[in-house]
Amino acid sequence: MPFDASGDATGTKGLVSARQRKMNTGLLYFSLERPALGKVLYLQNLTALNDYFNATGSKPESAVGGDWPELGYQLPRNPETGKAVLAAGQELTLYDTLLAIRGYPQNGETDSAWQFLDMLGGLYHSLNPPEPAFHDWILRAENTIQDLAKGPKTRIRHYGHTYFHPYTASEYPDSMVQLSLAAAMRDWGRWSGQEHPLVGEIVSGLRKFYDPELKALRRYLPNVGADKNANAVDSWYLYHPC
């Protein structure tokens with residue numbers, strides 16, 4: 001809770017730019033304008049509180065937020081009982097709060113976003129992050145291509161062409177999946193110096209997604225089942241492969 005010079009919380013003024021949403025990072029990013037202080041990033045280390053959540057049957061969904069001037073973390077309760085019963089004699093961490101304070105208001109959206117990321121990066125190492133591990137991405141990419149090429153549950157045939165399922169052996173083929181795979185494998189081909197034949201298979205079937213009346217790609221093939229709305233598509237579907 002912020003206070004002014006006389007110790008009055010109601011005399012303060014600020015702007016909350018970001019707060020925790022659902023089960024995302026438990027943070028609060030705000031500006032303190034009166035008294036003039038700058039930007040504050042409040043971060044609750046939810047991982048350190050796991051024993052509390054397990055003991056009470058609660059979860060920290062949207063637990064960091066509040067209404068000015070009462071801000072911060074509210075201990076969650078069991079959603080069924082509305083209580084948080086703690087066993088006697090058990091040590092639990094109730095709060096693990098990290099604060100970053102910068103005396104630069106940065107009111108512009110771009111500058112404010114940059115400062116948010118910079119402050120978050122400054123606090124990250126205090127969260128006891130895991131040590132970086134080596135991942136053989138080249139081997140994983142090669143194995144993925146082999147699975148796509150040979151795995152019978154990854155593909156299906158329509159109109160004499162090969163199409164890939166969005167999920168293993170399930171869901172109808174859609175244009176986003178085909179374009180995303182083709183784009184990724186073309187990037188792989190540029191890097192390796194040899195284009196994989198699967199790219200040609202995918203590209204050859206793309207024309208069946210094209211609707212000449214709409215002059216656009218549809219989400220599904222013309223023979224999509226009646227359990228799907230052939231005209232429904234999320235706007236990000238055609239941007240994602242780009």
# chains A, B, ... in the order shown; residues from 1 in each chain; ligands from 1
>>> select_by_dssp(residues="segment 10-234 of chain A", states="strand (DSSP E)", output="MDAnalysis selection string")
chainID A and resid 13:19 27:34 38:44 64:67 70:73 97:102 155:158 161:164 210:211 216:217
>>> residues_around(residues="segment 131-148 of chain A", least_positions_apart="2", cutoff="9 Å", atoms="only C-alpha atoms", output="number ranges by chain")
A: 128-129, 150-155, 164, 185, 188, 196, 198
>>> atom_distance(atom1="atom CA of Pro2 of chain A", atom2="atom CA of Ser62 of chain A")
20.9 Å
>>> residues_around(residues="Leu117 of chain A", least_positions_apart="6", cutoff="12 Å", atoms="only C-alpha atoms", output="list in words")
Ala18, Tyr29, Leu41, Ala100, Thr110, Asp111, Leu123 and Tyr124 of chain A
>>> write_last_selection(atoms="N, CA, C and O atoms", output="PDB file, in the first residue's frame")
ATOM      1  N   ALA A  18      -0.028  -3.499 -15.649  1.00  0.00           N
ATOM      2  CA  ALA A  18      -0.123  -4.952 -15.874  1.00  0.00           C
ATOM      3  C   ALA A  18      -0.302  -5.647 -14.540  1.00  0.00           C
ATOM      4  O   ALA A  18       0.235  -5.218 -13.522  1.00  0.00           O
ATOM      5  N   TYR A  29       2.624  -4.448 -12.194  1.00  0.00           N
ATOM      6  CA  TYR A  29       3.502  -3.406 -12.735  1.00  0.00           C
ATOM      7  C   TYR A  29       2.729  -2.101 -12.719  1.00  0.00           C
ATOM      8  O   TYR A  29       1.676  -1.982 -13.344  1.00  0.00           O
ATOM      9  N   LEU A  41       7.777  -2.769 -10.062  1.00  0.00           N
ATOM     10  CA  LEU A  41       7.420  -4.130 -10.471  1.00  0.00           C
ATOM     11  C   LEU A  41       7.394  -4.989  -9.219  1.00  0.00           C
ATOM     12  O   LEU A  41       8.412  -5.180  -8.553  1.00  0.00           O
ATOM     13  N   ALA A 100      11.139  -4.415  -7.670  1.00  0.00           N
ATOM     14  CA  ALA A 100      12.081  -3.599  -8.436  1.00  0.00           C
ATOM     15  C   ALA A 100      11.467  -2.211  -8.566  1.00  0.00           C
ATOM     16  O   ALA A 100      10.297  -2.075  -8.932  1.00  0.00           O
ATOM     17  N   THR A 110       5.845   2.222 -25.495  1.00  0.00           N
ATOM     18  CA  THR A 110       7.040   1.466 -25.865  1.00  0.00           C
ATOM     19  C   THR A 110       8.091   1.526 -24.762  1.00  0.00           C
ATOM     20  O   THR A 110       8.663   0.497 -24.371  1.00  0.00           O
ATOM     21  N   ASP A 111       8.339   2.725 -24.235  1.00  0.00           N
ATOM     22  CA  ASP A 111       9.332   2.873 -23.173  1.00  0.00           C
ATOM     23  C   ASP A 111       8.911   2.134 -21.914  1.00  0.00           C
ATOM     24  O   ASP A 111       9.731   1.521 -21.218  1.00  0.00           O
ATOM     25  N   LEU A 123      14.938  -9.173 -11.931  1.00  0.00           N
ATOM     26  CA  LEU A 123      14.448  -9.996 -10.820  1.00  0.00           C
ATOM     27  C   LEU A 123      14.554 -11.487 -11.100  1.00  0.00           C
ATOM     28  O   LEU A 123      14.480 -12.303 -10.168  1.00  0.00           O
ATOM     29  N   TYR A 124      14.712 -11.851 -12.356  1.00  0.00           N
ATOM     30  CA  TYR A 124      14.632 -13.261 -12.744  1.00  0.00           C
ATOM     31  C   TYR A 124      15.616 -14.134 -11.974  1.00  0.00           C
ATOM     32  O   TYR A 124      15.276 -15.231 -11.519  1.00  0.00           O
TER      33      TYR A 124
END
>>> closest_atom_pairs(of="segment 87-160 of chain A", to="segment 223-240 of chain A", cutoff="12 Å", atoms="only C-alpha atoms", output="CSV")
residue,atom,partner,partner_atom,distance
A:Arg157,CA,A:Asn223,CA,11.8
A:His158,CA,A:Asn223,CA,8.7
A:Tyr159,CA,A:Asn223,CA,9.5
>>> write_last_selection(atoms="N, CA, C and O atoms", output="short mmCIF file (atom, residue, chain, number, x, y, z; two decimals), in the first residue's frame")
data_model
loop_
_atom_site.label_atom_id
_atom_site.label_comp_id
_atom_site.auth_asym_id
_atom_site.auth_seq_id
_atom_site.Cartn_x
_atom_site.Cartn_y
_atom_site.Cartn_z
N ARG A 157 -4.68 -39.20 -46.11
CA ARG A 157 -4.75 -38.92 -47.55
C ARG A 157 -6.15 -38.42 -47.91
O ARG A 157 -7.16 -38.97 -47.49
N HIS A 158 -6.17 -37.33 -48.67
CA HIS A 158 -7.40 -36.79 -49.23
C HIS A 158 -7.09 -36.29 -50.64
O HIS A 158 -6.03 -35.67 -50.86
N TYR A 159 -8.00 -36.52 -51.55
CA TYR A 159 -7.86 -35.99 -52.92
C TYR A 159 -6.51 -36.38 -53.55
O TYR A 159 -5.96 -35.64 -54.37
#
>>> atom_distance(atom1="atom CA of Gly65 of chain A", atom2="atom CA of Val40 of chain A")
13.2 Å
>>> closest_residue(among="A:Glu33, A:Glu195, A:Asp187, A:Glu70", to="Tyr104 of chain A", atoms="only C-alpha atoms")
A:Glu33
>>> residues_around(residues="segment 10-14 of chain A", least_positions_apart="4", cutoff="8 Å", atoms="only C-alpha atoms", output="list in words")
Pro2, Phe3, Asp4, Phe30, Ser31, Leu32, Glu33, Arg34, Pro35, Trp68 and Pro69 of chain A
>>> write_last_selection(atoms="C-alpha atoms", output="PDB file, in the first residue's frame")
ATOM      1  CA  PRO A   2       1.590   3.318  -1.047  1.00  0.00           C
ATOM      2  CA  PHE A   3       1.509   6.314   1.301  1.00  0.00           C
ATOM      3  CA  ASP A   4       2.168   9.999   0.789  1.00  0.00           C
ATOM      4  CA  PHE A  30       2.473   0.106 -11.828  1.00  0.00           C
ATOM      5  CA  SER A  31       3.494   3.770 -11.763  1.00  0.00           C
ATOM      6  CA  LEU A  32       3.398   5.861  -8.614  1.00  0.00           C
ATOM      7  CA  GLU A  33       2.594   9.376  -9.815  1.00  0.00           C
ATOM      8  CA  ARG A  34       1.747  11.076  -6.507  1.00  0.00           C
ATOM      9  CA  PRO A  35       4.099  11.154  -4.728  1.00  0.00           C
ATOM     10  CA  TRP A  68      -5.614   1.178  -5.702  1.00  0.00           C
ATOM     11  CA  PRO A  69      -4.208   1.751  -3.155  1.00  0.00           C
TER      12      PRO A  69
END
>>> closest_residue(among="A:Trp114, A:Tyr73, A:Tyr52, A:Tyr220", to="Leu86 of chain A", atoms="only C-alpha atoms")
A:Tyr52
>>> select_by_dssp(residues="segment 6-113 of chain A", states="helix (DSSP H, G or I)", output="list in words")
Ala9, Thr10, Gly11, Leu46, Thr47, Ala48, Leu49, Asn50, Asp51, Tyr52, Phe53, Asn54, Ala55, Thr56, Glu109, Thr110, Asp111, Ser112 and Ala113 of chain A
>>> residues_around(residues="Gly26 of chain A", least_positions_apart="5", cutoff="12 Å", atoms="only C-alpha atoms", output="compact mmCIF listing (two decimals) with all heavy atoms, in the first residue's frame")
# COMPACT_ATOMS: atom_id res chain seq x y z
N ALA A 18 -0.03 -3.50 -15.65
CA ALA A 18 -0.12 -4.95 -15.87
C ALA A 18 -0.30 -5.65 -14.54
O ALA A 18 0.24 -5.22 -13.52
CB ALA A 18 1.13 -5.47 -16.58
N ARG A 19 -1.07 -6.72 -14.57
CA ARG A 19 -1.28 -7.54 -13.37
C ARG A 19 -1.42 -9.00 -13.78
O ARG A 19 -1.57 -9.31 -14.96
CB ARG A 19 -2.53 -7.08 -12.62
CG ARG A 19 -3.83 -7.30 -13.36
CD ARG A 19 -5.01 -6.76 -12.55
NE ARG A 19 -4.99 -5.31 -12.49
CZ ARG A 19 -5.54 -4.61 -11.49
NH1 ARG A 19 -6.11 -5.21 -10.48
NH2 ARG A 19 -5.50 -3.28 -11.52
N GLN A 20 -1.36 -9.86 -12.81
CA GLN A 20 -1.46 -11.29 -13.10
C GLN A 20 -2.80 -11.62 -13.75
O GLN A 20 -3.85 -11.15 -13.32
CB GLN A 20 -1.31 -12.12 -11.82
CG GLN A 20 -1.37 -13.62 -12.05
CD GLN A 20 -1.41 -14.41 -10.75
OE1 GLN A 20 -1.58 -13.86 -9.67
NE2 GLN A 20 -1.26 -15.71 -10.85
N ARG A 21 -2.74 -12.46 -14.77
CA ARG A 21 -3.96 -12.97 -15.42
C ARG A 21 -4.00 -14.47 -15.26
O ARG A 21 -3.08 -15.17 -15.67
CB ARG A 21 -3.98 -12.61 -16.90
CG ARG A 21 -4.14 -11.12 -17.18
CD ARG A 21 -4.25 -10.82 -18.67
NE ARG A 21 -3.02 -11.16 -19.38
CZ ARG A 21 -2.90 -12.17 -20.21
NH1 ARG A 21 -3.91 -12.98 -20.42
NH2 ARG A 21 -1.75 -12.39 -20.83
N LEU A 41 7.78 -2.77 -10.06
CA LEU A 41 7.42 -4.13 -10.47
C LEU A 41 7.39 -4.99 -9.22
O LEU A 41 8.41 -5.18 -8.55
CB LEU A 41 8.42 -4.69 -11.48
CG LEU A 41 8.14 -6.14 -11.93
CD1 LEU A 41 6.77 -6.25 -12.60
CD2 LEU A 41 9.23 -6.64 -12.89
N TYR A 42 6.21 -5.47 -8.90
CA TYR A 42 5.99 -6.33 -7.74
C TYR A 42 5.86 -7.75 -8.26
O TYR A 42 5.04 -8.02 -9.14
CB TYR A 42 4.71 -5.89 -7.03
CG TYR A 42 4.22 -6.77 -5.91
CD1 TYR A 42 4.38 -6.39 -4.58
CD2 TYR A 42 3.58 -7.98 -6.17
CE1 TYR A 42 3.91 -7.19 -3.55
CE2 TYR A 42 3.12 -8.79 -5.15
CZ TYR A 42 3.28 -8.39 -3.83
OH TYR A 42 2.82 -9.18 -2.81
N LEU A 43 6.67 -8.66 -7.74
CA LEU A 43 6.68 -10.04 -8.23
C LEU A 43 6.59 -10.99 -7.06
O LEU A 43 7.37 -10.91 -6.11
CB LEU A 43 7.97 -10.29 -9.02
CG LEU A 43 8.13 -11.68 -9.67
CD1 LEU A 43 7.06 -11.91 -10.72
CD2 LEU A 43 9.52 -11.80 -10.29
N GLN A 44 5.62 -11.87 -7.11
CA GLN A 44 5.46 -12.90 -6.08
C GLN A 44 5.98 -14.23 -6.63
O GLN A 44 5.51 -14.72 -7.67
CB GLN A 44 3.99 -13.04 -5.69
CG GLN A 44 3.74 -13.82 -4.43
CD GLN A 44 4.31 -13.17 -3.19
OE1 GLN A 44 4.98 -13.82 -2.39
NE2 GLN A 44 4.06 -11.87 -3.02
N ASN A 45 6.97 -14.79 -5.95
CA ASN A 45 7.56 -16.06 -6.37
C ASN A 45 6.61 -17.19 -6.00
O ASN A 45 6.67 -17.76 -4.89
CB ASN A 45 8.92 -16.24 -5.70
CG ASN A 45 9.61 -17.53 -6.13
OD1 ASN A 45 9.11 -18.26 -6.99
ND2 ASN A 45 10.75 -17.81 -5.53
N LEU A 46 5.74 -17.54 -6.91
CA LEU A 46 4.70 -18.54 -6.61
C LEU A 46 5.28 -19.93 -6.41
O LEU A 46 4.70 -20.74 -5.67
CB LEU A 46 3.67 -18.55 -7.73
CG LEU A 46 2.93 -17.22 -7.97
CD1 LEU A 46 1.96 -17.35 -9.13
CD2 LEU A 46 2.19 -16.77 -6.71
N THR A 47 6.40 -20.23 -7.04
CA THR A 47 7.00 -21.55 -6.89
C THR A 47 7.38 -21.79 -5.43
O THR A 47 7.24 -22.91 -4.92
CB THR A 47 8.25 -21.67 -7.78
OG1 THR A 47 7.86 -21.48 -9.14
CG2 THR A 47 8.88 -23.05 -7.65
N ALA A 48 7.86 -20.76 -4.75
CA ALA A 48 8.26 -20.91 -3.34
C ALA A 48 7.06 -21.16 -2.43
O ALA A 48 7.24 -21.54 -1.27
CB ALA A 48 9.01 -19.66 -2.89
N LEU A 49 5.85 -20.94 -2.93
CA LEU A 49 4.64 -21.08 -2.12
C LEU A 49 3.90 -22.38 -2.39
O LEU A 49 2.77 -22.56 -1.92
CB LEU A 49 3.72 -19.88 -2.38
CG LEU A 49 4.37 -18.50 -2.36
CD1 LEU A 49 3.32 -17.43 -2.58
CD2 LEU A 49 5.12 -18.26 -1.07
N LYS A 59 -5.04 -22.63 -5.36
CA LYS A 59 -4.14 -22.34 -6.47
C LYS A 59 -4.09 -20.83 -6.66
O LYS A 59 -5.08 -20.13 -6.42
CB LYS A 59 -4.59 -23.03 -7.76
CG LYS A 59 -5.98 -22.66 -8.24
CD LYS A 59 -6.33 -23.43 -9.51
CE LYS A 59 -7.72 -23.07 -10.01
NZ LYS A 59 -8.06 -23.81 -11.25
N PRO A 60 -2.94 -20.31 -7.08
CA PRO A 60 -2.74 -18.85 -7.15
C PRO A 60 -3.27 -18.23 -8.43
O PRO A 60 -2.57 -17.50 -9.12
CB PRO A 60 -1.22 -18.72 -7.06
CG PRO A 60 -0.71 -19.95 -7.74
CD PRO A 60 -1.69 -21.04 -7.40
N GLU A 61 -4.52 -18.49 -8.74
CA GLU A 61 -5.11 -17.93 -9.95
C GLU A 61 -5.52 -16.48 -9.72
O GLU A 61 -6.34 -16.19 -8.84
CB GLU A 61 -6.33 -18.75 -10.38
CG GLU A 61 -6.96 -18.27 -11.67
CD GLU A 61 -8.08 -19.19 -12.17
OE1 GLU A 61 -8.26 -20.26 -11.59
OE2 GLU A 61 -8.77 -18.82 -13.14
N SER A 62 -4.92 -15.56 -10.51
CA SER A 62 -5.20 -14.12 -10.37
C SER A 62 -5.04 -13.66 -8.92
O SER A 62 -5.82 -12.84 -8.41
CB SER A 62 -6.61 -13.79 -10.88
OG SER A 62 -6.75 -14.15 -12.25
N ALA A 63 -4.01 -14.18 -8.24
CA ALA A 63 -3.81 -13.89 -6.83
C ALA A 63 -3.10 -12.56 -6.61
O ALA A 63 -3.12 -12.03 -5.49
CB ALA A 63 -3.02 -15.02 -6.16
N VAL A 64 -2.43 -12.04 -7.63
CA VAL A 64 -1.71 -10.77 -7.50
C VAL A 64 -2.47 -9.69 -8.27
O VAL A 64 -2.68 -9.82 -9.48
CB VAL A 64 -0.27 -10.90 -8.03
CG1 VAL A 64 0.45 -9.55 -7.96
CG2 VAL A 64 0.50 -11.95 -7.24
N GLY A 65 -2.86 -8.66 -7.58
CA GLY A 65 -3.63 -7.58 -8.22
C GLY A 65 -4.05 -6.57 -7.19
O GLY A 65 -3.23 -6.01 -6.47
N GLY A 72 -1.13 -5.97 -4.44
CA GLY A 72 -0.22 -7.05 -4.06
C GLY A 72 -0.84 -8.42 -4.15
O GLY A 72 -1.67 -8.70 -5.00
N TYR A 73 -0.43 -9.28 -3.23
CA TYR A 73 -0.77 -10.70 -3.26
C TYR A 73 -1.77 -11.04 -2.18
O TYR A 73 -1.59 -10.67 -1.01
CB TYR A 73 0.51 -11.52 -3.06
CG TYR A 73 0.31 -13.00 -2.83
CD1 TYR A 73 -0.24 -13.82 -3.82
CD2 TYR A 73 0.71 -13.58 -1.63
CE1 TYR A 73 -0.41 -15.18 -3.61
CE2 TYR A 73 0.56 -14.95 -1.42
CZ TYR A 73 0.00 -15.74 -2.40
OH TYR A 73 -0.17 -17.09 -2.19
N GLN A 74 -2.83 -11.72 -2.55
CA GLN A 74 -3.83 -12.17 -1.59
C GLN A 74 -3.76 -13.69 -1.50
O GLN A 74 -3.89 -14.38 -2.52
CB GLN A 74 -5.23 -11.73 -2.00
CG GLN A 74 -6.29 -12.12 -0.98
CD GLN A 74 -7.66 -11.56 -1.32
OE1 GLN A 74 -7.93 -11.27 -2.48
NE2 GLN A 74 -8.50 -11.39 -0.32
N LEU A 75 -3.54 -14.20 -0.30
CA LEU A 75 -3.44 -15.64 -0.12
C LEU A 75 -4.70 -16.33 -0.63
O LEU A 75 -5.81 -16.01 -0.20
CB LEU A 75 -3.24 -15.98 1.36
CG LEU A 75 -1.87 -15.66 1.95
CD1 LEU A 75 -1.93 -15.72 3.47
CD2 LEU A 75 -0.83 -16.63 1.42
N TYR A 95 4.76 -15.82 1.88
CA TYR A 95 5.08 -14.75 0.93
C TYR A 95 6.53 -14.89 0.50
O TYR A 95 7.39 -15.22 1.31
CB TYR A 95 4.90 -13.36 1.55
CG TYR A 95 3.50 -13.05 2.03
CD1 TYR A 95 3.12 -13.33 3.33
CD2 TYR A 95 2.58 -12.46 1.18
CE1 TYR A 95 1.83 -13.05 3.78
CE2 TYR A 95 1.30 -12.17 1.61
CZ TYR A 95 0.93 -12.47 2.91
OH TYR A 95 -0.33 -12.18 3.34
N ASP A 96 6.79 -14.64 -0.74
CA ASP A 96 8.17 -14.51 -1.23
C ASP A 96 8.14 -13.40 -2.27
O ASP A 96 8.04 -13.65 -3.47
CB ASP A 96 8.66 -15.83 -1.83
CG ASP A 96 10.14 -15.77 -2.18
OD1 ASP A 96 10.78 -14.75 -1.87
OD2 ASP A 96 10.65 -16.73 -2.79
N THR A 97 8.20 -12.17 -1.78
CA THR A 97 7.95 -10.99 -2.61
C THR A 97 9.25 -10.38 -3.09
O THR A 97 10.18 -10.20 -2.31
CB THR A 97 7.16 -9.94 -1.81
OG1 THR A 97 5.98 -10.55 -1.27
CG2 THR A 97 6.77 -8.78 -2.71
N LEU A 98 9.30 -10.04 -4.36
CA LEU A 98 10.44 -9.35 -4.95
C LEU A 98 9.95 -8.02 -5.51
O LEU A 98 8.89 -7.95 -6.14
CB LEU A 98 11.05 -10.19 -6.08
CG LEU A 98 11.55 -11.58 -5.68
CD1 LEU A 98 11.91 -12.38 -6.93
CD2 LEU A 98 12.74 -11.49 -4.76
N LEU A 120 11.90 -7.01 -15.12
CA LEU A 120 11.62 -8.44 -14.96
C LEU A 120 12.90 -9.26 -15.10
O LEU A 120 13.14 -10.21 -14.34
CB LEU A 120 10.59 -8.88 -16.00
CG LEU A 120 10.05 -10.31 -15.87
CD1 LEU A 120 9.36 -10.50 -14.53
CD2 LEU A 120 9.07 -10.60 -17.01
>>> closest_residue(among="A:Gln194, A:Gln178, A:Gly122, A:Asn107", to="Lys208 of chain A", atoms="only C-alpha atoms")
A:Gln178
>>> atom_distance(atom1="atom CA of Glu201 of chain A", atom2="atom CA of Leu214 of chain A")
24.6 Å
>>> closest_residue(among="A:Ile101, A:Leu221, A:Leu92, A:Val177", to="Gln115 of chain A", atoms="only C-alpha atoms")
A:Ile101
>>> residues_around(residues="Gly103 of chain A", least_positions_apart="2", cutoff="7 Å", atoms="only C-alpha atoms", output="ChimeraX atom specification")
/A:37-39,101,105
>>> write_last_selection(atoms="N, CA, C and O atoms", output="PDB file, in the first residue's frame")
ATOM      1  N   LEU A  37       7.352   8.779  -7.857  1.00  0.00           N
ATOM      2  CA  LEU A  37       8.368   7.781  -7.537  1.00  0.00           C
ATOM      3  C   LEU A  37       8.912   7.103  -8.787  1.00  0.00           C
ATOM      4  O   LEU A  37      10.105   6.874  -8.923  1.00  0.00           O
ATOM      5  N   GLY A  38       8.026   6.785  -9.725  1.00  0.00           N
ATOM      6  CA  GLY A  38       8.456   6.096 -10.932  1.00  0.00           C
ATOM      7  C   GLY A  38       7.713   4.793 -11.099  1.00  0.00           C
ATOM      8  O   GLY A  38       6.537   4.678 -10.753  1.00  0.00           O
ATOM      9  N   LYS A  39       8.410   3.787 -11.606  1.00  0.00           N
ATOM     10  CA  LYS A  39       7.805   2.493 -11.898  1.00  0.00           C
ATOM     11  C   LYS A  39       8.133   1.492 -10.799  1.00  0.00           C
ATOM     12  O   LYS A  39       9.236   1.487 -10.244  1.00  0.00           O
ATOM     13  N   ILE A 101      12.246  -1.195  -8.245  1.00  0.00           N
ATOM     14  CA  ILE A 101      11.750   0.182  -8.275  1.00  0.00           C
ATOM     15  C   ILE A 101      12.680   1.016  -9.134  1.00  0.00           C
ATOM     16  O   ILE A 101      13.902   0.981  -8.962  1.00  0.00           O
ATOM     17  N   PRO A 105       9.590   7.467 -14.892  1.00  0.00           N
ATOM     18  CA  PRO A 105       8.164   7.196 -15.141  1.00  0.00           C
ATOM     19  C   PRO A 105       7.895   6.489 -16.467  1.00  0.00           C
ATOM     20  O   PRO A 105       7.048   5.631 -16.556  1.00  0.00           O
TER      21      PRO A 105
END
